[in-house]
There are 2 protein chains.
Amino acid sequence: MTGLRARKKQQTHDALSEAAIKLFLERGFDEVSVTDIATAANVSKPTLFKYFPTKQDLVLHRFADHQHEAARVVAASSAPSASPVEALRDHFLAGLDRHDPVTGLNDDPAVLAFYELVFTTPALESRLTRFVAADEEALAVALGGHLRAAVTAACLISVNQVLSRRNWQVMTSGMAADVYHPTAYAEAITAYKALAAGL
Amino acid sequence: MTGLRARKKQQTHDALSEAAIKLFLERGFDEVSVTDIATAANVSKPTLFKYFPTKQDLVLHRFADHQHEAARVVAASSAPSASPVEALRDHFLAGLDRHDPVTGLNDDPAVLAFYELVFTTPALESRLTRFVAADEEALAVALGGHLRAAVTAACLISVNQVLSRRNWQVMTSGMAADVYHPTAYAEAITAYKALAAGL
DNA sequence: GAAAAAGGTTAACCCGGTCAATAATTTGTC
DNA sequence: GACAAATTATTGACCGGGTTAACCTTTTTC
């Protein structure tokens with residue numbers, strides 16, 4: 001049963017999310033009230049909060065797919081001989097190749113505007129950081145849970161974050177993703193190598 | 001001029017902070033309203049917000065002294081021959097020796113209760129994380145600002161965080177700080193060594 | 001087609017945080 | 001010691017995020 005009800009639910013969900021992001025991009029996160037969004041989606045305020053627990057989640061639910069990704073990557077590492085740092089490095093490099101937005105290497109104006117919104121709004125940045133912390137925790141568990149695992153997880157997540165930020169900053173300065181791709185690729189390799197070989 | 005005014009200001013500041021922490025420890029952060037704190041300190045709500053920009057800062061202002069500490073440590077590293085990772089490792093080890101609360105190795109009930117409050121309240125943890133991020137940024141700048149510096153800074157701050165958390169968790173389980181000190185010391189050394197030598 | 005279950009609406013409320021106007025104090029000066 | 005000026009606190013109102021409860025509508029299910 002696909003359910004008529006389920007479809008309507010999906011519909012309002014999308015209407016809310018799209019209305020929210022449209023308004024946020026136009027006016028800025030803090031200049032749009034949740035009431036504005038609710039009325040724009042023809043819904044009442046309590047209903048909005050039944051779909052999204054907080055105002056921030058209207059934006060950040062897009063990152064839900066990537067939750068615990070790092071932990072999944074090392075868990076699914078088909079070759080157990082490969083070290084987790086290699087697995088995550090390769091995963092990041094593959095992301096660069098396909099210009100995955102999470103690597104920061106994406107010059108689509110819509111993507112750039114969205115990331116600018118997230119990174120320059122403290123409330124959003126802050127909540128996103130908590131997602132990253134959850135990722136780190138999951139990775140630490142996947143690596144065994146002991147202290148060394150926690151250290152490794154923290155460093156791996158950190159280098160990923162640093163690289164993504166760097167790429168995004170270069171994109172905001174106007175460079176094309178295709179042009180910067182080789183440099184980003186080389187930088188990622190050296191960064192992960194520094195991690196594996198020692199600082 | 002010590003200023004009579006300045007003294008009164010300090011007095012209200014302390015009264016607010018102490019009333020807040022007392023109430024928070026009794027009832028929990030979310031179960032105390034800022035109005036409660038303001039009335040407990042014989043002050044009005046807008047006045048409270050002139051002393052502390054947010055409710056969280058009533059608790060976290062105690063960390064203000066440690067802001068940008070990592071950056072200061074490497075900047076003040078008297079021996080320029082020593083690598084920044086050694087400088088920060090030694091600084092952390094020294095903190096362990098004096099049972100500095102920021103290392104997590106402190107079994108004073110008041111300190112434990114305070115950290116429990118901070119780490120188990122999402123709003124506080126989140127804001128504290130932002131302070132840590134600012135530390136990391138400052139350290140990255142102090143290390144030169146380039147990509148390698150950013151990676152190094154991120155990893156150094158991360159390992160510090162992991163070690164502190166670990167120590168704090170052991171303390172909450174009831175072990176005495178004196179008893180755990182040697183283990184904490186050894187773990188810190190191996191963790192920093194892993195960083196320097198490669199994961 | 002009716003009962004029941006799910007979801008939406010309205011309206012009121014709480015809390016964190018801000019603002020504008022007013023009142024109280026401290027300070028520097030005579 | 002008193003006075004004008006500048007700080008600072010107070011009050012009361014307000015805004016926006018988020019929750020709750022009572023009521024109503026719609027979809028499902030039998």
# chains A, B, ... in the order shown; residues from 1 in each chain; ligands from 1
$ interface_residues --of "chain B" --to "chain A" --cutoff "7 Å" --atoms "only C-alpha atoms" --output "list of chain:residue names"
B:Ser126, B:Arg148, B:Ala150, B:Val151, B:Thr152, B:Ala154, B:Cys155, B:Ser158, B:Val159, B:Val162, B:Ala191, B:Leu195, B:Ala196, B:Ala197, B:Gly198, B:Leu199
$ write_last_selection --atoms "C-alpha atoms" --output "PDB file, in the first residue's frame"
ATOM      1  CA  SER B 126      27.207  22.514  21.773  1.00  0.00           C
ATOM      2  CA  ARG B 148      49.001  21.316   6.701  1.00  0.00           C
ATOM      3  CA  ALA B 150      44.967  23.272   9.669  1.00  0.00           C
ATOM      4  CA  VAL B 151      45.241  19.499   9.628  1.00  0.00           C
ATOM      5  CA  THR B 152      47.802  19.502  12.415  1.00  0.00           C
ATOM      6  CA  ALA B 154      42.603  19.842  14.080  1.00  0.00           C
ATOM      7  CA  CYS B 155      44.321  16.616  15.084  1.00  0.00           C
ATOM      8  CA  SER B 158      41.072  16.423  18.791  1.00  0.00           C
ATOM      9  CA  VAL B 159      43.491  14.231  20.679  1.00  0.00           C
ATOM     10  CA  VAL B 162      39.597  12.684  23.457  1.00  0.00           C
ATOM     11  CA  ALA B 191      48.254   9.090  21.970  1.00  0.00           C
ATOM     12  CA  LEU B 195      49.993  11.428  16.229  1.00  0.00           C
ATOM     13  CA  ALA B 196      53.640  12.195  15.698  1.00  0.00           C
ATOM     14  CA  ALA B 197      54.589   8.806  14.293  1.00  0.00           C
ATOM     15  CA  GLY B 198      51.498   8.090  12.225  1.00  0.00           C
ATOM     16  CA  LEU B 199      48.288   6.259  12.885  1.00  0.00           C
TER      17      LEU B 199
END
$ residues_around --residues "stretch 169-173 of chain B" --least-positions-apart "6" --cutoff "9 Å" --atoms "only C-alpha atoms (C1' of nucleotides)" --output "list in words"
Gly104, Leu105, Asn106, Asp107, Leu112, Glu116 and Tyr180 of chain B
$ calpha_fit_and_write --fixed "chain A" --moving "chain B" --output "mmCIF file with C-alpha atoms, in the first residue's frame"
data_model
loop_
_atom_site.group_PDB
_atom_site.id
_atom_site.type_symbol
_atom_site.label_atom_id
_atom_site.label_comp_id
_atom_site.auth_asym_id
_atom_site.auth_seq_id
_atom_site.Cartn_x
_atom_site.Cartn_y
_atom_site.Cartn_z
ATOM 1 C CA MET B 1 0.667 0.107 -0.317
ATOM 2 C CA THR B 2 2.208 3.411 -1.313
ATOM 3 C CA GLY B 3 -0.651 5.008 0.641
ATOM 4 C CA LEU B 4 -2.346 8.173 -0.362
ATOM 5 C CA ARG B 5 -1.671 9.477 3.097
ATOM 6 C CA ALA B 6 2.029 8.860 2.864
ATOM 7 C CA ARG B 7 2.180 10.759 -0.389
ATOM 8 C CA LYS B 8 0.462 13.773 1.103
ATOM 9 C CA LYS B 9 2.844 13.626 4.006
ATOM 10 C CA GLN B 10 5.798 13.584 1.684
ATOM 11 C CA GLN B 11 4.240 16.465 -0.172
ATOM 12 C CA THR B 12 3.902 18.695 2.878
ATOM 13 C CA HIS B 13 7.370 17.688 3.987
ATOM 14 C CA ASP B 14 8.826 18.813 0.690
ATOM 15 C CA ALA B 15 6.684 21.931 0.548
ATOM 16 C CA LEU B 16 7.960 22.961 3.967
ATOM 17 C CA SER B 17 11.578 22.234 3.181
ATOM 18 C CA GLU B 18 11.491 24.008 -0.169
ATOM 19 C CA ALA B 19 9.632 27.031 1.127
ATOM 20 C CA ALA B 20 12.074 27.259 4.017
ATOM 21 C CA ILE B 21 15.217 27.086 1.924
ATOM 22 C CA LYS B 22 13.823 29.492 -0.631
ATOM 23 C CA LEU B 23 13.012 32.049 2.044
ATOM 24 C CA PHE B 24 16.278 31.480 3.894
ATOM 25 C CA LEU B 25 18.307 32.027 0.749
ATOM 26 C CA GLU B 26 16.373 35.169 -0.037
ATOM 27 C CA ARG B 27 16.415 36.822 3.359
ATOM 28 C CA GLY B 28 18.765 34.873 5.604
ATOM 29 C CA PHE B 29 18.056 32.295 8.271
ATOM 30 C CA ASP B 30 17.456 34.694 11.122
ATOM 31 C CA GLU B 31 15.269 37.028 9.116
ATOM 32 C CA VAL B 32 12.676 34.361 8.407
ATOM 33 C CA SER B 33 10.352 33.174 11.145
ATOM 34 C CA VAL B 34 8.942 29.678 11.274
ATOM 35 C CA THR B 35 5.515 31.244 11.008
ATOM 36 C CA ASP B 36 6.516 32.679 7.639
ATOM 37 C CA ILE B 37 7.533 29.220 6.465
ATOM 38 C CA ALA B 38 4.415 27.584 7.802
ATOM 39 C CA THR B 39 2.128 30.064 6.053
ATOM 40 C CA ALA B 40 4.192 29.826 2.857
ATOM 41 C CA ALA B 41 3.564 26.071 2.903
ATOM 42 C CA ASN B 42 -0.103 26.478 3.846
ATOM 43 C CA VAL B 43 0.406 24.791 7.172
ATOM 44 C CA SER B 44 0.147 25.800 10.791
ATOM 45 C CA LYS B 45 3.154 26.285 13.041
ATOM 46 C CA PRO B 46 2.555 23.222 15.277
ATOM 47 C CA THR B 47 2.212 21.148 12.128
ATOM 48 C CA LEU B 48 5.567 22.358 10.919
ATOM 49 C CA PHE B 49 7.139 21.166 14.139
ATOM 50 C CA LYS B 50 5.600 17.755 13.642
ATOM 51 C CA TYR B 51 7.585 17.426 10.437
ATOM 52 C CA PHE B 52 10.807 19.094 11.583
ATOM 53 C CA PRO B 53 11.805 19.074 15.254
ATOM 54 C CA THR B 54 13.613 22.415 15.031
ATOM 55 C CA LYS B 55 13.955 25.317 12.667
ATOM 56 C CA GLN B 56 17.485 24.222 11.826
ATOM 57 C CA ASP B 57 16.328 20.820 10.673
ATOM 58 C CA LEU B 58 14.390 22.469 7.880
ATOM 59 C CA VAL B 59 17.800 22.983 6.333
ATOM 60 C CA LEU B 60 19.939 20.216 7.758
ATOM 61 C CA HIS B 61 17.684 17.241 7.096
ATOM 62 C CA ARG B 62 19.498 17.087 3.765
ATOM 63 C CA PHE B 63 22.556 15.822 5.592
ATOM 64 C CA ALA B 64 20.624 12.981 7.173
ATOM 65 C CA ASP B 65 21.613 10.610 4.375
ATOM 66 C CA HIS B 66 25.270 11.010 5.228
ATOM 67 C CA GLN B 67 24.832 10.202 8.896
ATOM 68 C CA HIS B 68 27.405 7.722 10.162
ATOM 69 C CA GLU B 69 28.823 7.506 6.689
ATOM 70 C CA ALA B 70 32.401 7.232 7.875
ATOM 71 C CA ALA B 71 31.553 4.337 10.134
ATOM 72 C CA ARG B 72 29.711 2.586 7.329
ATOM 73 C CA VAL B 73 32.619 3.073 4.974
ATOM 74 C CA VAL B 74 35.165 1.408 7.226
ATOM 75 C CA ALA B 75 32.666 -1.293 8.178
ATOM 76 C CA ALA B 76 31.999 -2.031 4.522
ATOM 77 C CA SER B 77 35.665 -1.924 3.621
ATOM 78 C CA SER B 78 35.634 -5.072 1.515
ATOM 79 C CA ALA B 79 39.353 -5.514 1.791
ATOM 80 C CA PRO B 80 40.066 -5.982 5.489
ATOM 81 C CA SER B 81 43.737 -5.663 4.703
ATOM 82 C CA ALA B 82 43.237 -1.981 3.885
ATOM 83 C CA SER B 83 43.602 0.318 6.845
ATOM 84 C CA PRO B 84 40.622 2.483 7.813
ATOM 85 C CA VAL B 85 42.547 5.603 6.886
ATOM 86 C CA GLU B 86 43.037 4.264 3.366
ATOM 87 C CA ALA B 87 39.390 3.316 3.124
ATOM 88 C CA LEU B 88 38.255 6.784 4.121
ATOM 89 C CA ARG B 89 40.829 8.471 1.928
ATOM 90 C CA ASP B 90 39.651 6.508 -1.076
ATOM 91 C CA HIS B 91 36.070 7.292 -0.245
ATOM 92 C CA PHE B 92 36.862 10.981 -0.106
ATOM 93 C CA LEU B 93 38.813 10.841 -3.359
ATOM 94 C CA ALA B 94 35.888 9.104 -5.022
ATOM 95 C CA GLY B 95 33.666 11.898 -3.721
ATOM 96 C CA LEU B 96 35.988 14.434 -5.338
ATOM 97 C CA ASP B 97 35.756 12.602 -8.649
ATOM 98 C CA ARG B 98 31.994 12.780 -8.704
ATOM 99 C CA HIS B 99 31.997 16.353 -7.372
ATOM 100 C CA ASP B 100 30.010 15.281 -4.358
ATOM 101 C CA PRO B 101 28.849 18.416 -2.508
ATOM 102 C CA VAL B 102 30.014 17.002 0.821
ATOM 103 C CA THR B 103 33.595 17.227 -0.409
ATOM 104 C CA GLY B 104 33.155 20.945 -0.988
ATOM 105 C CA LEU B 105 34.296 20.552 -4.574
ATOM 106 C CA ASN B 106 31.128 21.657 -6.345
ATOM 107 C CA ASP B 107 30.622 24.954 -8.112
ATOM 108 C CA ASP B 108 26.906 24.683 -8.798
ATOM 109 C CA PRO B 109 25.521 28.072 -7.709
ATOM 110 C CA ALA B 110 22.609 26.455 -5.911
ATOM 111 C CA VAL B 111 24.956 24.207 -3.963
ATOM 112 C CA LEU B 112 27.289 27.081 -3.150
ATOM 113 C CA ALA B 113 24.430 29.248 -1.934
ATOM 114 C CA PHE B 114 23.177 26.413 0.222
ATOM 115 C CA TYR B 115 26.548 25.794 1.845
ATOM 116 C CA GLU B 116 27.092 29.488 2.306
ATOM 117 C CA LEU B 117 23.814 29.582 4.186
ATOM 118 C CA VAL B 118 24.830 26.673 6.383
ATOM 119 C CA PHE B 119 28.370 27.775 7.141
ATOM 120 C CA THR B 120 27.662 31.438 7.787
ATOM 121 C CA THR B 121 24.664 30.910 10.054
ATOM 122 C CA PRO B 122 25.889 30.100 13.561
ATOM 123 C CA ALA B 123 22.776 28.210 14.513
ATOM 124 C CA LEU B 124 23.136 25.942 11.511
ATOM 125 C CA GLU B 125 26.873 25.517 11.735
ATOM 126 C CA SER B 126 26.547 24.606 15.372
ATOM 127 C CA ARG B 127 23.947 21.949 14.797
ATOM 128 C CA LEU B 128 25.865 20.564 11.868
ATOM 129 C CA THR B 129 28.893 20.244 14.098
ATOM 130 C CA ARG B 130 26.878 18.042 16.398
ATOM 131 C CA PHE B 131 26.081 15.761 13.491
ATOM 132 C CA VAL B 132 29.776 15.546 12.767
ATOM 133 C CA ALA B 133 30.443 14.681 16.390
ATOM 134 C CA ALA B 134 27.923 11.854 16.160
ATOM 135 C CA ASP B 135 29.743 10.617 13.054
ATOM 136 C CA GLU B 136 33.003 10.691 14.928
ATOM 137 C CA GLU B 137 31.535 8.733 17.820
ATOM 138 C CA ALA B 138 30.130 6.099 15.469
ATOM 139 C CA LEU B 139 33.464 5.822 13.704
ATOM 140 C CA ALA B 140 35.270 5.416 17.006
ATOM 141 C CA VAL B 141 32.954 2.562 17.891
ATOM 142 C CA ALA B 142 33.445 0.989 14.479
ATOM 143 C CA LEU B 143 37.206 1.144 15.004
ATOM 144 C CA GLY B 144 37.027 -0.762 18.260
ATOM 145 C CA GLY B 145 35.991 1.789 20.851
ATOM 146 C CA HIS B 146 39.287 1.953 22.686
ATOM 147 C CA LEU B 147 41.282 5.117 23.191
ATOM 148 C CA ARG B 148 43.413 4.695 20.132
ATOM 149 C CA ALA B 149 40.272 4.212 18.087
ATOM 150 C CA ALA B 150 38.838 7.442 19.475
ATOM 151 C CA VAL B 151 41.987 9.335 18.571
ATOM 152 C CA THR B 152 42.053 7.864 15.084
ATOM 153 C CA ALA B 153 38.391 8.603 14.520
ATOM 154 C CA ALA B 154 38.749 12.182 15.688
ATOM 155 C CA CYS B 155 41.708 12.829 13.409
ATOM 156 C CA LEU B 156 40.100 11.194 10.396
ATOM 157 C CA ILE B 157 36.905 13.156 10.743
ATOM 158 C CA SER B 158 38.913 16.310 11.312
ATOM 159 C CA VAL B 159 41.019 16.001 8.199
ATOM 160 C CA ASN B 160 37.904 15.317 6.203
ATOM 161 C CA GLN B 161 36.310 18.467 7.553
ATOM 162 C CA VAL B 162 39.375 20.565 6.883
ATOM 163 C CA LEU B 163 39.658 19.388 3.306
ATOM 164 C CA SER B 164 35.965 19.969 2.599
ATOM 165 C CA ARG B 165 36.100 23.445 4.047
ATOM 166 C CA ARG B 166 39.145 24.299 2.050
ATOM 167 C CA ASN B 167 37.557 23.155 -1.166
ATOM 168 C CA TRP B 168 34.382 25.064 -0.424
ATOM 169 C CA GLN B 169 36.348 28.226 0.269
ATOM 170 C CA VAL B 170 38.122 27.922 -3.051
ATOM 171 C CA MET B 171 34.780 27.422 -4.789
ATOM 172 C CA THR B 172 33.351 30.544 -3.147
ATOM 173 C CA SER B 173 36.304 32.495 -4.510
ATOM 174 C CA GLY B 174 35.040 31.681 -7.993
ATOM 175 C CA MET B 175 37.284 28.909 -9.228
ATOM 176 C CA ALA B 176 35.668 26.161 -11.271
ATOM 177 C CA ALA B 177 35.458 22.719 -9.706
ATOM 178 C CA ASP B 178 36.953 21.057 -12.762
ATOM 179 C CA VAL B 179 39.934 23.378 -12.672
ATOM 180 C CA TYR B 180 40.586 22.857 -8.988
ATOM 181 C CA HIS B 181 39.984 19.126 -8.987
ATOM 182 C CA PRO B 182 43.624 18.059 -9.479
ATOM 183 C CA THR B 183 44.835 20.336 -6.700
ATOM 184 C CA ALA B 184 42.102 19.193 -4.347
ATOM 185 C CA TYR B 185 42.974 15.614 -5.160
ATOM 186 C CA ALA B 186 46.645 16.126 -4.472
ATOM 187 C CA GLU B 187 45.956 18.001 -1.251
ATOM 188 C CA ALA B 188 43.701 15.232 -0.008
ATOM 189 C CA ILE B 189 46.401 12.671 -0.690
ATOM 190 C CA THR B 190 49.092 14.625 1.120
ATOM 191 C CA ALA B 191 46.782 15.347 4.059
ATOM 192 C CA TYR B 192 45.884 11.700 4.529
ATOM 193 C CA LYS B 193 49.498 10.749 4.062
ATOM 194 C CA ALA B 194 50.489 13.162 6.804
ATOM 195 C CA LEU B 195 47.982 11.444 9.036
ATOM 196 C CA ALA B 196 49.246 7.984 8.266
ATOM 197 C CA ALA B 197 52.936 8.836 8.405
ATOM 198 C CA GLY B 198 52.912 11.281 11.297
ATOM 199 C CA LEU B 199 52.644 15.017 11.548
#
$ residues_around --residues "stretch 2-13 of chain C" --least-positions-apart "5" --cutoff "8 Å" --atoms "only C-alpha atoms (C1' of nucleotides)" --output "list of chain:residue names"
A:Ser44, A:Thr47, D:DT20, D:DC24, D:DT25, D:DT27, D:DT28
$ interface_residues --of "chain D" --to "chain A" --cutoff "8 Å" --atoms "only C-alpha atoms (C1' of nucleotides)" --output "list of chain:residue names"
D:DG16, D:DG17, D:DG18, D:DT27
$ write_last_selection --atoms "N, CA and C atoms (P, O5', C5', C4', C3', O3' and C1' of nucleotides)" --output "PDB file, in the first residue's frame"
ATOM      1  P    DG D  16       8.773  38.154  14.978  1.00  0.00           P
ATOM      2  O5'  DG D  16       9.573  36.826  15.352  1.00  0.00           O
ATOM      3  C5'  DG D  16      10.955  36.907  15.664  1.00  0.00           C
ATOM      4  C4'  DG D  16      11.425  35.566  16.167  1.00  0.00           C
ATOM      5  C3'  DG D  16      10.762  34.373  15.475  1.00  0.00           C
ATOM      6  O3'  DG D  16      11.715  33.352  15.299  1.00  0.00           O
ATOM      7  C1'  DG D  16      10.298  34.307  17.787  1.00  0.00           C
ATOM      8  P    DG D  17      11.424  31.998  14.523  1.00  0.00           P
ATOM      9  O5'  DG D  17      11.658  30.929  15.679  1.00  0.00           O
ATOM     10  C5'  DG D  17      12.966  30.755  16.194  1.00  0.00           C
ATOM     11  C4'  DG D  17      12.944  29.788  17.348  1.00  0.00           C
ATOM     12  C3'  DG D  17      12.440  28.398  17.009  1.00  0.00           C
ATOM     13  O3'  DG D  17      13.194  27.455  17.747  1.00  0.00           O
ATOM     14  C1'  DG D  17      11.073  29.333  18.684  1.00  0.00           C
ATOM     15  P    DG D  18      13.207  25.890  17.327  1.00  0.00           P
ATOM     16  O5'  DG D  18      12.022  25.357  18.235  1.00  0.00           O
ATOM     17  C5'  DG D  18      12.261  25.281  19.655  1.00  0.00           C
ATOM     18  C4'  DG D  18      10.991  24.957  20.364  1.00  0.00           C
ATOM     19  C3'  DG D  18      10.202  23.750  19.846  1.00  0.00           C
ATOM     20  O3'  DG D  18      10.266  22.721  20.826  1.00  0.00           O
ATOM     21  C1'  DG D  18       8.792  25.554  20.502  1.00  0.00           C
ATOM     22  P    DT D  27      -8.998  12.691   2.483  1.00  0.00           P
ATOM     23  O5'  DT D  27      -8.472  11.283   3.017  1.00  0.00           O
ATOM     24  C5'  DT D  27      -7.148  11.210   3.531  1.00  0.00           C
ATOM     25  C4'  DT D  27      -7.016   9.994   4.429  1.00  0.00           C
ATOM     26  C3'  DT D  27      -7.235   8.656   3.710  1.00  0.00           C
ATOM     27  O3'  DT D  27      -6.012   7.915   3.784  1.00  0.00           O
ATOM     28  C1'  DT D  27      -8.363   8.731   5.801  1.00  0.00           C
TER      29       DT D  27
END
$ interface_residues --of "chain C" --to "chain B" --cutoff "10 Å" --atoms "only C-alpha atoms (C1' of nucleotides)" --output "NGL selection string"
:C and (14-19 or 25-27)
$ residues_around --residues "C:DC30" --least-positions-apart "6" --cutoff "12 Å" --atoms "only C-alpha atoms (C1' of nucleotides)" --output "PDB file with C-alpha atoms (C1' of nucleotides), in the first residue's frame"
ATOM      1  C1'  DG D   1      28.224  68.721  50.776  1.00  0.00           C
ATOM      2  C1'  DA D   2      25.219  69.582  46.793  1.00  0.00           C
ATOM      3  C1'  DC D   3      24.433  69.424  41.638  1.00  0.00           C
ATOM      4  C1'  DA D   4      24.557  68.246  36.731  1.00  0.00           C
TER       5       DA D   4
END
$ select_by_dssp --residues "stretch 37-190 of chain B" --states "helix (DSSP H, G or I)" --output "ChimeraX atom specification"
/B:37-40,45-51,57-66,69-75,84-97,101-103,109-120,122-142,147-172,177-190
$ atom_distance --atom1 "atom C1' of D:DT10" --atom2 "atom C1' of C:DT29"
28.1 Å
$ decode --residues "stretch 163-189 of chain B" --atoms "C-alpha atoms" --output "compact mmCIF listing (two decimals), in the first residue's frame"
# COMPACT_ATOMS: atom_id res chain seq x y z
CA LEU B 163 42.06 12.33 26.30
CA SER B 164 40.18 14.79 28.51
CA ARG B 165 36.90 13.05 27.89
CA ARG B 166 38.38 9.70 28.65
CA ASN B 167 39.82 10.90 31.92
CA TRP B 168 36.55 12.52 32.91
CA GLN B 169 34.65 9.33 32.17
CA VAL B 170 36.99 7.35 34.37
CA MET B 171 36.54 9.91 37.14
CA THR B 172 32.75 9.66 36.89
CA SER B 173 33.07 5.91 37.35
CA GLY B 174 34.49 6.60 40.80
CA MET B 175 38.22 6.10 40.44
CA ALA B 176 40.47 8.48 42.33
CA ALA B 177 42.52 10.93 40.30
CA ASP B 178 45.72 10.00 42.09
CA VAL B 179 45.19 6.33 41.32
CA TYR B 180 44.48 6.92 37.66
CA HIS B 181 47.19 9.50 37.11
CA PRO B 182 49.89 7.09 35.90
CA THR B 183 47.55 5.46 33.40
CA ALA B 184 46.30 8.80 32.14
CA TYR B 185 49.88 9.94 31.78
CA ALA B 186 50.88 6.88 29.82
CA GLU B 187 47.81 7.08 27.60
CA ALA B 188 48.52 10.71 26.80
CA ILE B 189 52.06 9.85 25.81
